[in-house]
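*Asks:* Dropping in coords_32.cif, which is mmCIF, C-alpha atoms and all ligand atoms; chains and numbers go by the auth columns:
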```cif
data_work
#
loop_
_atom_site.group_PDB
_atom_site.id
_atom_site.type_symbol
_atom_site.label_atom_id
_atom_site.label_comp_id
_atom_site.label_asym_id
_atom_site.label_seq_id
_atom_site.Cartn_x
_atom_site.Cartn_y
_atom_site.Cartn_z
_atom_site.B_iso_or_equiv
_atom_site.auth_seq_id
_atom_site.auth_asym_id
ATOM 1 C CA MET A 1 6.642 0.756 11.760 0.00 84 M
ATOM 2 C CA LYS A 2 5.846 3.850 9.635 0.00 85 M
ATOM 3 C CA ASP A 3 2.273 2.707 9.005 0.00 86 M
ATOM 4 C CA ILE A 4 1.829 1.839 12.654 0.00 87 M
ATOM 5 C CA ASN A 5 2.987 5.316 13.635 0.00 88 M
ATOM 6 C CA ARG A 6 0.347 6.745 11.299 0.00 89 M
ATOM 7 C CA ILE A 7 -2.300 4.585 12.992 0.00 90 M
ATOM 8 C CA ILE A 8 -1.086 5.765 16.390 0.00 91 M
ATOM 9 C CA GLU A 9 -1.187 9.421 15.289 0.00 92 M
ATOM 10 C CA GLN A 10 -4.810 8.953 14.229 0.00 93 M
ATOM 11 C CA TYR A 11 -5.587 7.623 17.667 0.00 94 M
ATOM 12 C CA ILE A 12 -4.105 10.699 19.274 0.00 95 M
ATOM 13 C CA GLU A 13 -5.286 13.371 16.835 0.00 96 M
ATOM 14 C CA LYS A 14 -8.692 12.087 15.779 0.00 97 M
ATOM 15 C CA GLU A 15 -9.454 10.320 19.014 0.00 98 M
ATOM 16 C CA ILE A 16 -10.315 7.039 17.312 0.00 99 M
ATOM 17 C CA ASP A 17 -10.638 4.254 19.844 0.00 100 M
ATOM 18 C CA LEU A 18 -8.326 1.374 20.583 0.00 101 M
ATOM 19 C CA ILE A 19 -10.595 -1.106 18.809 0.00 102 M
ATOM 20 C CA GLN A 20 -10.185 0.919 15.613 0.00 103 M
ATOM 21 C CA VAL A 21 -6.404 0.919 16.100 0.00 104 M
ATOM 22 C CA LEU A 22 -6.468 -2.872 16.371 0.00 105 M
ATOM 23 C CA HIS A 23 -8.729 -3.144 13.312 0.00 106 M
ATOM 24 C CA ASN A 24 -6.279 -1.109 11.270 0.00 107 M
ATOM 25 C CA ILE A 25 -3.389 -3.295 12.395 0.00 108 M
ATOM 26 C CA GLN A 26 -5.396 -6.445 11.695 0.00 109 M
ATOM 27 C CA ASN A 27 -6.200 -5.161 8.183 0.00 110 M
ATOM 28 C CA LYS A 28 -2.548 -4.515 7.499 0.00 111 M
ATOM 29 C CA TYR A 29 -1.141 -7.852 8.724 0.00 112 M
ATOM 30 C CA ASN A 30 -4.237 -10.087 8.651 0.00 113 M
ATOM 31 C CA TYR A 31 -3.566 -10.681 12.359 0.00 114 M
ATOM 32 C CA LEU A 32 -2.180 -8.823 15.375 0.00 115 M
ATOM 33 C CA PRO A 33 1.565 -9.477 15.659 0.00 116 M
ATOM 34 C CA ARG A 34 2.815 -9.470 19.246 0.00 117 M
ATOM 35 C CA GLU A 35 5.695 -7.070 18.575 0.00 118 M
ATOM 36 C CA VAL A 36 3.294 -4.532 17.033 0.00 119 M
ATOM 37 C CA LEU A 37 0.965 -4.753 20.047 0.00 120 M
ATOM 38 C CA GLU A 38 3.962 -4.192 22.332 0.00 121 M
ATOM 39 C CA TYR A 39 4.946 -1.149 20.275 0.00 122 M
ATOM 40 C CA VAL A 40 1.392 0.261 20.463 0.00 123 M
ATOM 41 C CA SER A 41 1.322 -0.371 24.202 0.00 124 M
ATOM 42 C CA ARG A 42 4.530 1.635 24.708 0.00 125 M
ATOM 43 C CA ALA A 43 3.571 4.434 22.306 0.00 126 M
ATOM 44 C CA LEU A 44 0.103 4.971 23.758 0.00 127 M
ATOM 45 C CA HIS A 45 0.953 4.136 27.367 0.00 128 M
ATOM 46 C CA ILE A 46 -1.769 1.522 27.443 0.00 129 M
ATOM 47 C CA PRO A 47 -0.997 -1.662 29.382 0.00 130 M
ATOM 48 C CA LEU A 48 -0.363 -4.644 27.110 0.00 131 M
ATOM 49 C CA SER A 49 -2.826 -6.663 29.202 0.00 132 M
ATOM 50 C CA LYS A 50 -5.621 -4.233 28.277 0.00 133 M
ATOM 51 C CA ILE A 51 -4.769 -4.485 24.576 0.00 134 M
ATOM 52 C CA TYR A 52 -4.757 -8.274 24.820 0.00 135 M
ATOM 53 C CA SER A 53 -8.067 -8.396 26.619 0.00 136 M
ATOM 54 C CA ILE A 54 -9.679 -6.473 23.731 0.00 137 M
ATOM 55 C CA ALA A 55 -7.822 -8.508 21.115 0.00 138 M
ATOM 56 C CA THR A 56 -9.034 -11.792 22.560 0.00 139 M
ATOM 57 C CA PHE A 57 -12.612 -10.641 23.183 0.00 140 M
ATOM 58 C CA TYR A 58 -13.531 -9.904 19.556 0.00 141 M
ATOM 59 C CA ALA A 59 -13.637 -12.797 17.111 0.00 142 M
ATOM 60 C CA ALA A 60 -12.615 -10.445 14.293 0.00 143 M
ATOM 61 C CA PHE A 61 -9.121 -10.259 15.757 0.00 144 M
ATOM 62 C CA SER A 62 -6.555 -12.987 15.487 0.00 145 M
ATOM 63 C CA LEU A 63 -3.338 -13.329 17.455 0.00 146 M
ATOM 64 C CA VAL A 64 -1.932 -15.901 15.058 0.00 147 M
ATOM 65 C CA PRO A 65 -1.198 -15.346 11.364 0.00 148 M
ATOM 66 C CA ARG A 66 -4.208 -15.758 9.115 0.00 149 M
ATOM 67 C CA GLY A 67 -4.262 -16.519 5.426 0.00 150 M
ATOM 68 C CA LYS A 68 -5.293 -14.041 2.782 0.00 151 M
ATOM 69 C CA HIS A 69 -8.763 -15.625 2.604 0.00 152 M
ATOM 70 C CA LEU A 70 -10.714 -16.538 5.697 0.00 153 M
ATOM 71 C CA CYS A 71 -13.040 -19.478 5.131 0.00 154 M
ATOM 72 C CA THR A 72 -15.598 -20.095 7.859 0.00 155 M
ATOM 73 C CA VAL A 73 -17.875 -23.132 7.933 0.00 156 M
ATOM 74 C CA CYS A 74 -20.947 -23.019 10.153 0.00 157 M
ATOM 75 C CA MET A 75 -21.290 -26.172 12.239 0.00 158 M
ATOM 76 C CA GLY A 76 -24.392 -25.103 14.163 0.00 159 M
ATOM 77 C CA THR A 77 -27.300 -27.541 14.406 0.00 160 M
ATOM 78 C CA ALA A 78 -29.193 -26.483 11.260 0.00 161 M
ATOM 79 C CA CYS A 79 -26.062 -26.449 9.128 0.00 162 M
ATOM 80 C CA HIS A 80 -24.847 -29.707 10.670 0.00 163 M
ATOM 81 C CA VAL A 81 -28.121 -31.475 9.865 0.00 164 M
ATOM 82 C CA ARG A 82 -28.085 -30.211 6.298 0.00 165 M
ATOM 83 C CA GLY A 83 -24.623 -31.447 5.447 0.00 166 M
ATOM 84 C CA ALA A 84 -22.006 -29.113 6.928 0.00 167 M
ATOM 85 C CA PRO A 85 -19.719 -31.994 8.053 0.00 168 M
ATOM 86 C CA ALA A 86 -19.376 -33.210 4.439 0.00 169 M
ATOM 87 C CA VAL A 87 -18.738 -29.667 3.245 0.00 170 M
ATOM 88 C CA LEU A 88 -16.107 -29.137 5.938 0.00 171 M
ATOM 89 C CA SER A 89 -14.324 -32.414 5.122 0.00 172 M
ATOM 90 C CA ARG A 90 -14.271 -31.486 1.467 0.00 173 M
ATOM 91 C CA ILE A 91 -12.692 -28.109 2.220 0.00 174 M
ATOM 92 C CA GLU A 92 -10.163 -29.734 4.560 0.00 175 M
ATOM 93 C CA GLU A 93 -9.324 -32.231 1.838 0.00 176 M
ATOM 94 C CA ARG A 94 -8.987 -29.600 -0.887 0.00 177 M
ATOM 95 C CA LEU A 95 -6.870 -27.242 1.195 0.00 178 M
ATOM 96 C CA ASN A 96 -5.042 -30.040 2.953 0.00 179 M
ATOM 97 C CA ILE A 97 -5.494 -28.423 6.372 0.00 180 M
ATOM 98 C CA LYS A 98 -7.755 -28.916 9.386 0.00 181 M
ATOM 99 C CA SER A 99 -10.112 -26.367 10.899 0.00 182 M
ATOM 100 C CA GLY A 100 -8.084 -23.746 12.769 0.00 183 M
ATOM 101 C CA GLU A 101 -5.139 -24.020 10.388 0.00 184 M
ATOM 102 C CA THR A 102 -3.700 -21.911 7.581 0.00 185 M
ATOM 103 C CA THR A 103 -2.356 -23.266 4.302 0.00 186 M
ATOM 104 C CA PRO A 104 1.468 -23.155 4.063 0.00 187 M
ATOM 105 C CA ASP A 105 1.212 -20.591 1.225 0.00 188 M
ATOM 106 C CA ASN A 106 -0.872 -18.345 3.517 0.00 189 M
ATOM 107 C CA GLN A 107 -3.751 -18.248 1.059 0.00 190 M
ATOM 108 C CA PHE A 108 -6.517 -19.752 3.204 0.00 191 M
ATOM 109 C CA THR A 109 -7.346 -19.992 6.873 0.00 192 M
ATOM 110 C CA LEU A 110 -10.117 -22.403 7.775 0.00 193 M
ATOM 111 C CA GLU A 111 -12.303 -22.122 10.852 0.00 194 M
ATOM 112 C CA THR A 112 -15.681 -23.265 12.113 0.00 195 M
ATOM 113 C CA VAL A 113 -18.369 -21.421 14.070 0.00 196 M
ATOM 114 C CA ASN A 114 -21.545 -22.443 15.848 0.00 197 M
ATOM 115 C CA CYS A 115 -24.467 -20.760 14.055 0.00 198 M
ATOM 116 C CA LEU A 116 -24.151 -17.597 12.059 0.00 199 M
ATOM 117 C CA GLY A 117 -27.777 -16.723 12.746 0.00 200 M
ATOM 118 C CA ALA A 118 -28.933 -17.351 9.172 0.00 201 M
ATOM 119 C CA CYS A 119 -30.074 -20.964 9.525 0.00 202 M
ATOM 120 C CA ALA A 120 -32.564 -20.700 6.622 0.00 203 M
ATOM 121 C CA LEU A 121 -29.527 -20.642 4.321 0.00 204 M
ATOM 122 C CA ALA A 122 -27.958 -23.750 5.873 0.00 205 M
ATOM 123 C CA PRO A 123 -25.406 -25.083 5.287 0.00 206 M
ATOM 124 C CA ILE A 124 -23.380 -21.880 5.100 0.00 207 M
ATOM 125 C CA VAL A 125 -19.783 -21.196 4.181 0.00 208 M
ATOM 126 C CA VAL A 126 -18.448 -17.648 4.523 0.00 209 M
ATOM 127 C CA ILE A 127 -15.386 -16.629 2.564 0.00 210 M
ATOM 128 C CA ASP A 128 -13.912 -13.191 3.196 0.00 211 M
ATOM 129 C CA GLY A 129 -17.216 -12.049 4.681 0.00 212 M
ATOM 130 C CA GLU A 130 -19.328 -13.258 1.733 0.00 213 M
ATOM 131 C CA TYR A 131 -22.107 -15.685 2.672 0.00 214 M
ATOM 132 C CA HIS A 132 -22.584 -18.753 0.497 0.00 215 M
ATOM 133 C CA GLY A 133 -25.782 -20.512 1.477 0.00 216 M
ATOM 134 C CA GLN A 134 -27.073 -24.001 0.650 0.00 217 M
ATOM 135 C CA THR A 135 -23.514 -25.048 0.062 0.00 218 M
ATOM 136 C CA THR A 136 -22.818 -28.419 -1.452 0.00 219 M
ATOM 137 C CA VAL A 137 -19.559 -30.261 -1.963 0.00 220 M
ATOM 138 C CA ASN A 138 -19.599 -29.262 -5.669 0.00 221 M
ATOM 139 C CA LYS A 139 -20.262 -25.656 -4.843 0.00 222 M
ATOM 140 C CA VAL A 140 -17.313 -25.654 -2.435 0.00 223 M
ATOM 141 C CA ASP A 141 -14.964 -26.879 -5.154 0.00 224 M
ATOM 142 C CA LYS A 142 -16.033 -24.051 -7.453 0.00 225 M
ATOM 143 C CA LEU A 143 -15.772 -21.471 -4.703 0.00 226 M
ATOM 144 C CA LEU A 144 -12.245 -22.445 -3.710 0.00 227 M
ATOM 145 C CA GLU A 145 -11.200 -22.455 -7.358 0.00 228 M
ATOM 146 C CA LYS A 146 -12.721 -19.018 -7.830 0.00 229 M
ATOM 147 C CA TYR A 147 -10.765 -17.502 -4.940 0.00 230 M
ATOM 148 C CA ALA A 148 -7.544 -19.254 -5.921 0.00 231 M
ATOM 149 C CA LYS A 149 -7.971 -18.051 -9.516 0.00 232 M
ATOM 150 C CA GLU A 150 -8.560 -14.449 -8.453 0.00 233 M
ATOM 151 C CA ASP A 151 -5.177 -14.573 -6.746 0.00 234 M
ATOM 152 C CA LYS A 152 -3.441 -15.629 -9.928 0.00 235 M
ATOM 153 C CA GLY A 153 -5.144 -12.700 -11.686 0.00 236 M
HETATM 154 S S1 LIG B . -26.692 -23.304 12.233 0.00 301 K
HETATM 155 FE FE1 LIG B . -25.589 -22.439 10.604 0.00 301 K
HETATM 156 S S2 LIG B . -26.466 -20.484 10.456 0.00 301 K
HETATM 157 FE FE2 LIG B . -27.485 -21.346 12.129 0.00 301 K
#
```
Output the file's structure in the form of structure tokens.

*Replies:*
Amino acid sequence: MKDINRIIEQYIEKEIDLIQVLHNIQNKYNYLPREVLEYVSRALHIPLSKIYSIATFYAAFSLVPRGKHLCTVCMGTACHVRGAPAVLSRIEERLNIKSGETTPDNQFTLETVNCLGACALAPIVVIDGEYHGQTTVNKVDKLLEKYAKEDKG
């Protein structure tokens, strides 16, 4: 909990807000572990219910473990019409998981969203915050390989 204490000290000394505290925890663990939230609640005298209401309001936070890479497939209307279902099935097949799941090696978490607001680029896949527009099944294969390769160094 040394790192968490440092995050808590920043909250007290530099008056950063609770959302920033949660972001720092999320960056460290890739999600918000319950025991860490309980610790923060006790240390800062903030009710756990308040922390949870923030944690569940923002999509950037996750209460369940996430993989190292977050892969998001847009399933909004424009992306759907231009082939997102095929792209999603291909990713599910390659990673051997369904949307909402994480690979057993914790490398990838897959999720879907309804419109990322950039429909001109449809269909869109976002990996670790990077937008990949006009995605095709072939492009997906290359992308997943690229991220997997980076991990091997
Ligand atoms: S529907 Fe995918 S970005 Fe709008």

*Asks:* What residues have any atom no more than 7 Å from ligand LIG 301 (chain K) when counting all atoms listed in the file, and can you list them as a list in words?

*Replies:*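 Protein and nucleic-acid residues within 7 Å of ligand LIG 301 (chain K): Cys157, Met158, Gly159, Thr160, Ala161, Cys162, His163, Asn197, Cys198, Leu199, Gly200, Ala201, Cys202, Leu204, Ala205, Pro206 and Ile207 of chain M.
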
*Asks:* In Å, with one decimal, what is the gap from atom CA of M:Leu127 to atom CA of M:Glu92?

*Replies:*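 That distance, rounded to one decimal, is 9.7 Å.
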
*Asks:* List as a list in words the protein and nucleic acid residues near stretch 106-113 of chain M, meaning an atom at most 9 Å away when only C-alpha atoms are counted, but skip any in the same chain fewer than 6 places from it.

*Replies:*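 Result of the neighbour search: Asp86, Ile87, Ile90, Val119, Leu120, Ala143, Phe144, Ser145, Val147, Pro148, Arg149, Gly150 and Lys151 of chain M.
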
*Asks:* Looking at M:Ala169, M:Glu228, M:Tyr135, M:Thr195, which one is nearest to M:Pro116, with distances taken over only C-alpha atoms?

*Replies:*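 Among M:Ala169, M:Glu228, M:Tyr135, M:Thr195, it is M:Tyr135 that comes nearest to M:Pro116.
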
*Asks:* Given the PyMOL selection byres (((chain M and resi 172) around 12) and not hetatm) and the file above, list the residues it selects as a count of residues only.

*Replies:* 25
